[in-house]
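One file, my_file_9.txt, carrying compact mmCIF, C-alpha atoms:
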# COMPACT_ATOMS: atom_id res chain seq x y z
CA THR P 1 97.38 59.20 132.75
CA GLN P 2 99.67 56.71 131.04
CA LEU P 3 98.98 56.23 127.37
CA LEU P 4 99.28 53.02 125.45
CA GLU P 5 99.67 53.44 121.72
CA GLN P 6 98.51 50.46 119.75
CA SER P 7 99.25 49.91 116.06
CA PRO P 8 97.97 49.29 113.54
CA GLN P 9 94.47 50.46 114.35
CA PHE P 10 92.99 48.42 111.49
CA LEU P 11 94.43 45.39 109.71
CA SER P 12 92.84 43.26 107.02
CA ILE P 13 94.86 40.36 105.63
CA GLN P 14 94.36 37.08 103.84
CA GLU P 15 94.14 33.74 105.59
CA GLY P 16 97.56 32.17 106.03
CA GLU P 17 99.50 35.42 106.33
CA ASN P 18 101.46 36.48 109.40
CA LEU P 19 100.92 39.71 111.31
CA THR P 20 102.25 41.69 114.25
CA VAL P 21 100.41 44.13 116.50
CA TYR P 22 102.38 46.61 118.58
CA CYS P 23 101.67 48.23 121.91
CA ASN P 24 103.96 51.06 123.00
CA SER P 25 104.17 53.42 125.94
CA SER P 26 106.58 55.85 127.58
CA SER P 27 105.58 54.43 130.97
CA VAL P 28 106.80 51.31 132.72
CA PHE P 29 104.15 48.75 133.59
CA SER P 30 104.28 45.98 136.16
CA SER P 31 102.55 43.72 133.64
CA LEU P 32 101.04 43.86 130.19
CA GLN P 33 97.87 42.01 129.30
CA TRP P 34 96.38 41.19 125.91
CA TYR P 35 92.65 40.77 125.43
CA ARG P 36 90.49 39.80 122.47
CA GLN P 37 86.97 41.12 122.07
CA GLU P 38 84.32 39.80 119.72
CA PRO P 39 81.17 41.69 118.72
CA GLY P 40 78.53 41.75 121.44
CA GLU P 41 80.86 40.39 124.09
CA GLY P 42 83.30 41.64 126.67
CA PRO P 43 87.09 41.42 126.29
CA VAL P 44 88.59 38.03 127.13
CA LEU P 45 92.11 37.70 128.47
CA LEU P 46 94.63 36.01 126.15
CA VAL P 47 97.84 36.37 128.13
CA THR P 48 99.67 38.31 130.83
CA VAL P 49 103.38 39.09 130.51
CA VAL P 50 105.22 40.22 133.60
CA THR P 51 108.98 39.97 133.16
CA GLY P 52 110.95 42.26 130.85
CA GLY P 53 111.96 40.34 127.74
CA GLU P 54 109.41 37.62 128.42
CA VAL P 55 108.01 35.66 125.48
CA LYS P 56 104.84 33.60 125.74
CA LYS P 57 103.32 31.38 123.08
CA LEU P 58 99.68 30.44 122.78
CA LYS P 59 99.37 28.12 119.78
CA ARG P 60 99.88 30.41 116.77
CA LEU P 61 100.07 33.55 118.92
CA THR P 62 103.38 34.82 120.30
CA PHE P 63 103.47 37.60 122.88
CA GLN P 64 106.56 39.54 123.84
CA PHE P 65 107.18 42.05 126.62
CA GLY P 66 109.91 44.61 126.01
CA ASP P 67 113.06 44.54 128.11
CA ALA P 68 112.16 47.88 129.69
CA ARG P 69 108.55 46.78 130.31
CA LYS P 70 107.20 49.69 128.27
CA ASP P 71 106.10 47.90 125.13
CA SER P 72 104.72 44.61 123.89
CA SER P 73 103.91 42.85 120.66
CA LEU P 74 101.52 40.18 119.51
CA HIS P 75 102.51 38.06 116.52
CA ILE P 76 100.07 35.73 114.80
CA THR P 77 101.39 33.06 112.47
CA ALA P 78 99.28 31.69 109.63
CA ALA P 79 96.22 33.77 110.53
CA GLN P 80 92.81 32.14 110.29
CA PRO P 81 89.34 33.68 109.90
CA GLY P 82 88.63 32.70 113.50
CA ASP P 83 91.33 35.15 114.60
CA THR P 84 89.14 38.04 113.48
CA GLY P 85 88.35 40.40 116.33
CA LEU P 86 89.42 43.44 118.34
CA TYR P 87 92.75 42.97 120.10
CA LEU P 88 93.42 45.14 123.13
CA CYS P 89 96.59 45.59 125.11
CA ALA P 90 96.39 46.81 128.69
CA GLY P 91 99.10 47.92 131.07
CA ALA P 92 98.94 47.41 134.80
CA ARG P 93 100.49 49.85 137.25
CA GLY P 94 99.60 49.16 140.85
CA ALA P 95 96.42 50.70 142.22
CA ASP P 96 95.80 52.59 138.98
CA GLY P 97 94.19 49.49 137.53
CA LEU P 98 94.52 48.82 133.82
CA THR P 99 95.15 51.33 131.06
CA PHE P 100 93.89 50.05 127.73
CA GLY P 101 95.21 50.81 124.28
CA LYS P 102 92.71 51.84 121.61
CA GLY P 103 92.71 48.41 120.07
CA THR P 104 93.52 46.78 116.75
CA HIS P 105 90.62 45.72 114.57
CA LEU P 106 91.79 42.57 112.81
CA ILE P 107 89.98 40.98 109.86
CA ILE P 108 91.22 37.75 108.36
CA GLN P 109 89.71 37.11 104.96
CA PRO P 110 89.22 33.53 103.81
CA ASP H 1 77.72 29.60 135.31
CA THR H 2 78.43 33.12 134.08
CA ALA H 3 81.40 34.58 135.98
CA VAL H 4 80.52 38.27 135.57
CA SER H 5 76.93 39.06 134.70
CA GLN H 6 75.43 42.46 134.10
CA THR H 7 71.87 43.52 133.43
CA PRO H 8 70.26 44.73 131.36
CA LYS H 9 72.06 43.86 128.12
CA TYR H 10 70.23 46.64 126.27
CA LEU H 11 68.91 49.88 127.72
CA VAL H 12 67.08 52.43 125.60
CA THR H 13 65.79 55.49 127.38
CA GLN H 14 65.15 59.18 127.00
CA MET H 15 67.39 62.07 127.88
CA GLY H 16 66.95 63.26 131.44
CA ASN H 17 65.93 59.89 132.86
CA ASP H 18 67.71 58.08 135.71
CA LYS H 19 68.80 54.47 135.20
CA SER H 20 70.81 51.75 136.90
CA ILE H 21 72.93 48.91 135.58
CA LYS H 22 73.58 45.91 137.82
CA CYS H 23 76.69 43.74 137.97
CA GLU H 24 77.42 40.57 139.87
CA GLN H 25 80.51 38.36 139.95
CA ASN H 26 80.70 34.83 141.35
CA LEU H 27 84.48 34.52 141.18
CA GLY H 28 85.19 35.64 144.73
CA HIS H 29 87.24 38.55 143.43
CA ASP H 30 88.12 41.51 145.63
CA THR H 31 88.07 44.21 142.96
CA MET H 32 85.35 45.26 140.54
CA TYR H 33 85.34 47.88 137.82
CA TRP H 34 83.11 49.84 135.48
CA TYR H 35 84.36 50.77 132.01
CA LYS H 36 82.81 52.84 129.22
CA GLN H 37 83.48 51.78 125.63
CA ASP H 38 82.76 54.45 123.05
CA SER H 39 81.76 54.04 119.42
CA LYS H 40 85.43 53.70 118.44
CA LYS H 41 85.80 50.80 120.89
CA PHE H 42 88.07 52.71 123.28
CA LEU H 43 87.75 51.25 126.78
CA LYS H 44 88.07 53.82 129.54
CA ILE H 45 87.91 52.99 133.22
CA MET H 46 85.27 54.84 135.21
CA PHE H 47 85.41 53.34 138.69
CA SER H 48 86.89 50.49 140.63
CA TYR H 49 85.97 49.10 144.02
CA ASN H 50 88.27 47.10 146.27
CA ASN H 51 86.74 45.60 149.38
CA LYS H 52 83.81 48.01 149.18
CA GLU H 53 86.03 51.08 148.96
CA LEU H 54 86.17 53.31 145.91
CA ILE H 55 89.76 53.24 144.75
CA ILE H 56 89.70 54.97 141.40
CA ASN H 57 87.29 57.64 140.37
CA GLU H 58 88.32 58.94 136.98
CA THR H 59 87.05 62.29 135.77
CA VAL H 60 83.53 61.16 135.14
CA PRO H 61 80.52 63.39 135.76
CA ASN H 62 79.04 63.11 139.23
CA ARG H 63 75.81 62.02 137.56
CA PHE H 64 77.44 58.60 137.59
CA SER H 65 77.57 56.89 140.96
CA PRO H 66 78.79 53.37 141.70
CA LYS H 67 77.14 51.45 144.51
CA SER H 68 78.50 48.25 146.02
CA PRO H 69 76.14 46.50 148.45
CA ASP H 70 78.67 43.70 148.92
CA LYS H 71 81.91 42.36 147.48
CA ALA H 72 80.13 40.45 144.72
CA HIS H 73 78.10 43.37 143.38
CA LEU H 74 78.94 46.73 141.87
CA ASN H 75 76.02 48.62 140.40
CA LEU H 76 76.17 51.79 138.35
CA HIS H 77 73.53 54.49 138.75
CA ILE H 78 73.25 57.30 136.25
CA ASN H 79 71.21 60.45 136.85
CA SER H 80 69.90 62.87 134.24
CA LEU H 81 71.06 60.89 131.23
CA GLU H 82 72.56 62.85 128.34
CA LEU H 83 73.01 62.02 124.67
CA GLY H 84 76.77 61.65 125.20
CA ASP H 85 76.18 58.85 127.68
CA SER H 86 75.29 56.52 124.83
CA ALA H 87 77.93 53.78 124.87
CA VAL H 88 78.56 50.23 125.96
CA TYR H 89 79.25 49.92 129.69
CA PHE H 90 81.29 46.95 130.90
CA CYS H 91 81.60 45.58 134.37
CA ALA H 92 84.75 43.61 135.24
CA SER H 93 86.34 41.95 138.23
CA SER H 94 89.81 40.77 139.24
CA GLN H 95 91.59 39.27 142.22
CA GLY H 96 93.34 42.56 142.75
CA PHE H 97 94.82 45.50 140.91
CA GLY H 98 97.04 44.39 138.05
CA TRP H 99 95.51 40.93 137.87
CA ALA H 100 93.65 39.59 134.85
CA GLN H 101 90.20 41.08 134.54
CA HIS H 102 87.05 39.16 133.76
CA PHE H 103 84.48 41.18 131.86
CA GLY H 104 80.74 40.96 131.57
CA ASP H 105 79.10 41.07 128.16
CA GLY H 106 78.28 44.76 128.40
CA THR H 107 75.19 46.95 128.62
CA ARG H 108 74.36 48.86 125.46
CA LEU H 109 72.93 52.19 126.54
CA SER H 110 71.15 54.30 123.94
CA ILE H 111 69.80 57.73 124.78
CA LEU H 112 66.98 59.05 122.61
Represent the structure contained in this file as structure tokens.
Amino acid sequence: TQLLEQSPQFLSIQEGENLTVYCNSSSVFSSLQWYRQEPGEGPVLLVTVVTGGEVKKLKRLTFQFGDARKDSSLHITAAQPGDTGLYLCAGARGADGLTFGKGTHLIIQP
Amino acid sequence: DTAVSQTPKYLVTQMGNDKSIKCEQNLGHDTMYWYKQDSKKFLKIMFSYNNKELIINETVPNRFSPKSPDKAHLNLHINSLELGDSAVYFCASSQGFGWAQHFGDGTRLSIL
């Protein structure tokens, strides 16, 4: 079973600050997906990165896929209270489906 | 319209009982999944079905059995429920393996 290590596990910062969440593995993935989960709901896809070195931007969120396709990062600029939630990275590897990291619990304090 | 819907949302039952959770997707996807999310929010895949065939069967107890009457449905039946089965169970679907997954809102199972 491939493992995805996500860090930090918990992060509480003030509104307006920047943050980065990391997702690392020793395995190569065909793609890396980031999800956000709010209480009482299922995870919702934010982005999929496929190409090594790829960078995708979604408003204040920037996602990067490592050159070797083993790691990824999520950077949030000027965090807002609405960004609060559980962020999950997931690696895809053919018919094995998705392997999820353990998640980062993010709290943005007003 | 809800893309992936699962019922019930809450399920409280006693140890030893048998229960089922239903899942339906209206996205026309070929692949459906069941995940278990524990109290620490770790999502672990249990099963996936592709075109009515079981593709992945992780090391889950055989008390858990997925049943897919058609491509749009993947139900989860659990026999002889145990205390450790308490968790949130999520159904998901995707166009295929490796594609973005669409999740239901979860079924919160509590074993008394």
Determine, using only C-alpha atoms, which residues of segment 46-90 of chain H have any atom at most 12 Å from an atom of segment 94-109 of chain P, and tabulate each with its shortest atom pair and distance in Å to one decimal place, rows ordered by chain and then rising number, as JSON lines.
{"residue": "H:Met46", "atom": "CA", "partner": "P:Gly97", "partner_atom": "CA", "distance": 10.7}
{"residue": "H:Phe47", "atom": "CA", "partner": "P:Gly97", "partner_atom": "CA", "distance": 9.7}
{"residue": "H:Ser48", "atom": "CA", "partner": "P:Gly97", "partner_atom": "CA", "distance": 8.0}
{"residue": "H:Tyr49", "atom": "CA", "partner": "P:Gly97", "partner_atom": "CA", "distance": 10.5}
{"residue": "H:Asn50", "atom": "CA", "partner": "P:Ala95", "partner_atom": "CA", "distance": 9.8}
{"residue": "H:Leu54", "atom": "CA", "partner": "P:Ala95", "partner_atom": "CA", "distance": 11.2}
{"residue": "H:Ile55", "atom": "CA", "partner": "P:Ala95", "partner_atom": "CA", "distance": 7.6}
{"residue": "H:Ile56", "atom": "CA", "partner": "P:Asp96", "partner_atom": "CA", "distance": 7.0}
{"residue": "H:Asn57", "atom": "CA", "partner": "P:Asp96", "partner_atom": "CA", "distance": 10.0}
{"residue": "H:Glu58", "atom": "CA", "partner": "P:Asp96", "partner_atom": "CA", "distance": 10.0}
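Every protein or nucleic acid residue with an atom no more than 7 Å from segment 16-23 of chain H, counting only C-alpha atoms and leaving out same-chain residues fewer than 4 positions away, appears here: Ser5, Gln6, Thr7, Pro8, His73, Leu74, Asn75, Leu76, His77, Ile78, Asn79, Ser80, Leu81, Glu82 and Cys91 of chain H.
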> Just how far from atom CA of Thr77 of chain P is atom CA of Gln64 of chain P, in Å to one decimal?
Replying inline: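 Interatomic distance, atom CA of Gln64 of chain P to atom CA of Thr77 of chain P: 14.1 Å.
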>> Residues of chain H within 6 Å of chain P, counting all atoms listed in the file, what are they? List them as JSON, numbers by chain.
In response: {"H": [42, 97, 98, 103, 104, 105]}
Box for segment 40-47 of chain P - axis-aligned, 5 Å on each of the six sides, all listed atoms - centre and size in Å to one decimal, as AutoDock Vina command-line options.
--center_x 88.2 --center_y 38.9 --center_z 125.0 --size_x 29.3 --size_y 15.7 --size_z 17.0
>> If I take atom CA of Pro66 of chain H and atom CA of Trp34 of chain H, how far is one from the other in Å, to one decimal?
In response: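 Between these atoms lies a distance of 8.4 Å.
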Could you add N, CA, C and O atoms to segment 85-102 of chain P and give me the result as an mmCIF file, in the frame of the given file?
data_model
loop_
_atom_site.group_PDB
_atom_site.id
_atom_site.type_symbol
_atom_site.label_atom_id
_atom_site.label_comp_id
_atom_site.auth_asym_id
_atom_site.auth_seq_id
_atom_site.Cartn_x
_atom_site.Cartn_y
_atom_site.Cartn_z
ATOM 1 N N GLY P 85 88.860 39.820 115.092
ATOM 2 C CA GLY P 85 88.350 40.400 116.330
ATOM 3 C C GLY P 85 89.083 41.683 116.664
ATOM 4 O O GLY P 85 89.941 42.151 115.916
ATOM 5 N N LEU P 86 88.761 42.241 117.826
ATOM 6 C CA LEU P 86 89.420 43.440 118.340
ATOM 7 C C LEU P 86 90.427 43.000 119.389
ATOM 8 O O LEU P 86 90.066 42.346 120.364
ATOM 9 N N TYR P 87 91.687 43.338 119.171
ATOM 10 C CA TYR P 87 92.750 42.970 120.100
ATOM 11 C C TYR P 87 93.144 44.200 120.910
ATOM 12 O O TYR P 87 93.445 45.261 120.355
ATOM 13 N N LEU P 88 93.155 44.038 122.213
ATOM 14 C CA LEU P 88 93.420 45.140 123.130
ATOM 15 C C LEU P 88 94.613 44.816 124.016
ATOM 16 O O LEU P 88 94.674 43.729 124.587
ATOM 17 N N CYS P 89 95.544 45.759 124.122
ATOM 18 C CA CYS P 89 96.590 45.590 125.110
ATOM 19 C C CYS P 89 96.244 46.474 126.307
ATOM 20 O O CYS P 89 95.566 47.498 126.165
ATOM 21 N N ALA P 90 96.691 46.070 127.469
ATOM 22 C CA ALA P 90 96.390 46.810 128.690
ATOM 23 C C ALA P 90 97.572 46.722 129.633
ATOM 24 O O ALA P 90 98.094 45.633 129.880
ATOM 25 N N GLY P 91 97.973 47.870 130.151
ATOM 26 C CA GLY P 91 99.100 47.920 131.070
ATOM 27 C C GLY P 91 98.624 48.081 132.504
ATOM 28 O O GLY P 91 97.701 48.848 132.773
ATOM 29 N N ALA P 92 99.277 47.342 133.386
ATOM 30 C CA ALA P 92 98.940 47.410 134.800
ATOM 31 C C ALA P 92 100.007 48.191 135.544
ATOM 32 O O ALA P 92 101.201 48.021 135.294
ATOM 33 N N ARG P 93 99.542 49.048 136.472
ATOM 34 C CA ARG P 93 100.490 49.850 137.250
ATOM 35 C C ARG P 93 99.909 50.081 138.638
ATOM 36 O O ARG P 93 99.343 51.131 138.923
ATOM 37 N N GLY P 94 100.017 49.045 139.465
ATOM 38 C CA GLY P 94 99.600 49.160 140.850
ATOM 39 C C GLY P 94 98.127 49.462 141.003
ATOM 40 O O GLY P 94 97.276 48.901 140.302
ATOM 41 N N ALA P 95 97.813 50.392 141.892
ATOM 42 C CA ALA P 95 96.420 50.700 142.220
ATOM 43 C C ALA P 95 95.733 51.514 141.134
ATOM 44 O O ALA P 95 94.546 51.830 141.280
ATOM 45 N N ASP P 96 96.435 51.862 140.082
ATOM 46 C CA ASP P 96 95.800 52.590 138.980
ATOM 47 C C ASP P 96 94.958 51.690 138.106
ATOM 48 O O ASP P 96 94.303 52.155 137.179
ATOM 49 N N GLY P 97 94.966 50.401 138.362
ATOM 50 C CA GLY P 97 94.190 49.490 137.530
ATOM 51 C C GLY P 97 94.833 49.331 136.170
ATOM 52 O O GLY P 97 96.035 49.460 136.013
ATOM 53 N N LEU P 98 94.023 49.056 135.171
ATOM 54 C CA LEU P 98 94.520 48.820 133.820
ATOM 55 C C LEU P 98 94.295 50.046 132.946
ATOM 56 O O LEU P 98 93.245 50.688 133.008
ATOM 57 N N THR P 99 95.304 50.333 132.110
ATOM 58 C CA THR P 99 95.150 51.330 131.060
ATOM 59 C C THR P 99 95.116 50.599 129.736
ATOM 60 O O THR P 99 96.065 49.889 129.398
ATOM 61 N N PHE P 100 94.054 50.767 128.988
ATOM 62 C CA PHE P 100 93.890 50.050 127.730
ATOM 63 C C PHE P 100 94.383 50.886 126.553
ATOM 64 O O PHE P 100 94.233 52.115 126.528
ATOM 65 N N GLY P 101 94.960 50.189 125.559
ATOM 66 C CA GLY P 101 95.210 50.810 124.280
ATOM 67 C C GLY P 101 93.904 50.936 123.517
ATOM 68 O O GLY P 101 92.865 50.423 123.956
ATOM 69 N N LYS P 102 93.942 51.601 122.369
ATOM 70 C CA LYS P 102 92.710 51.840 121.610
ATOM 71 C C LYS P 102 92.302 50.662 120.752
ATOM 72 O O LYS P 102 91.270 50.709 120.094
#
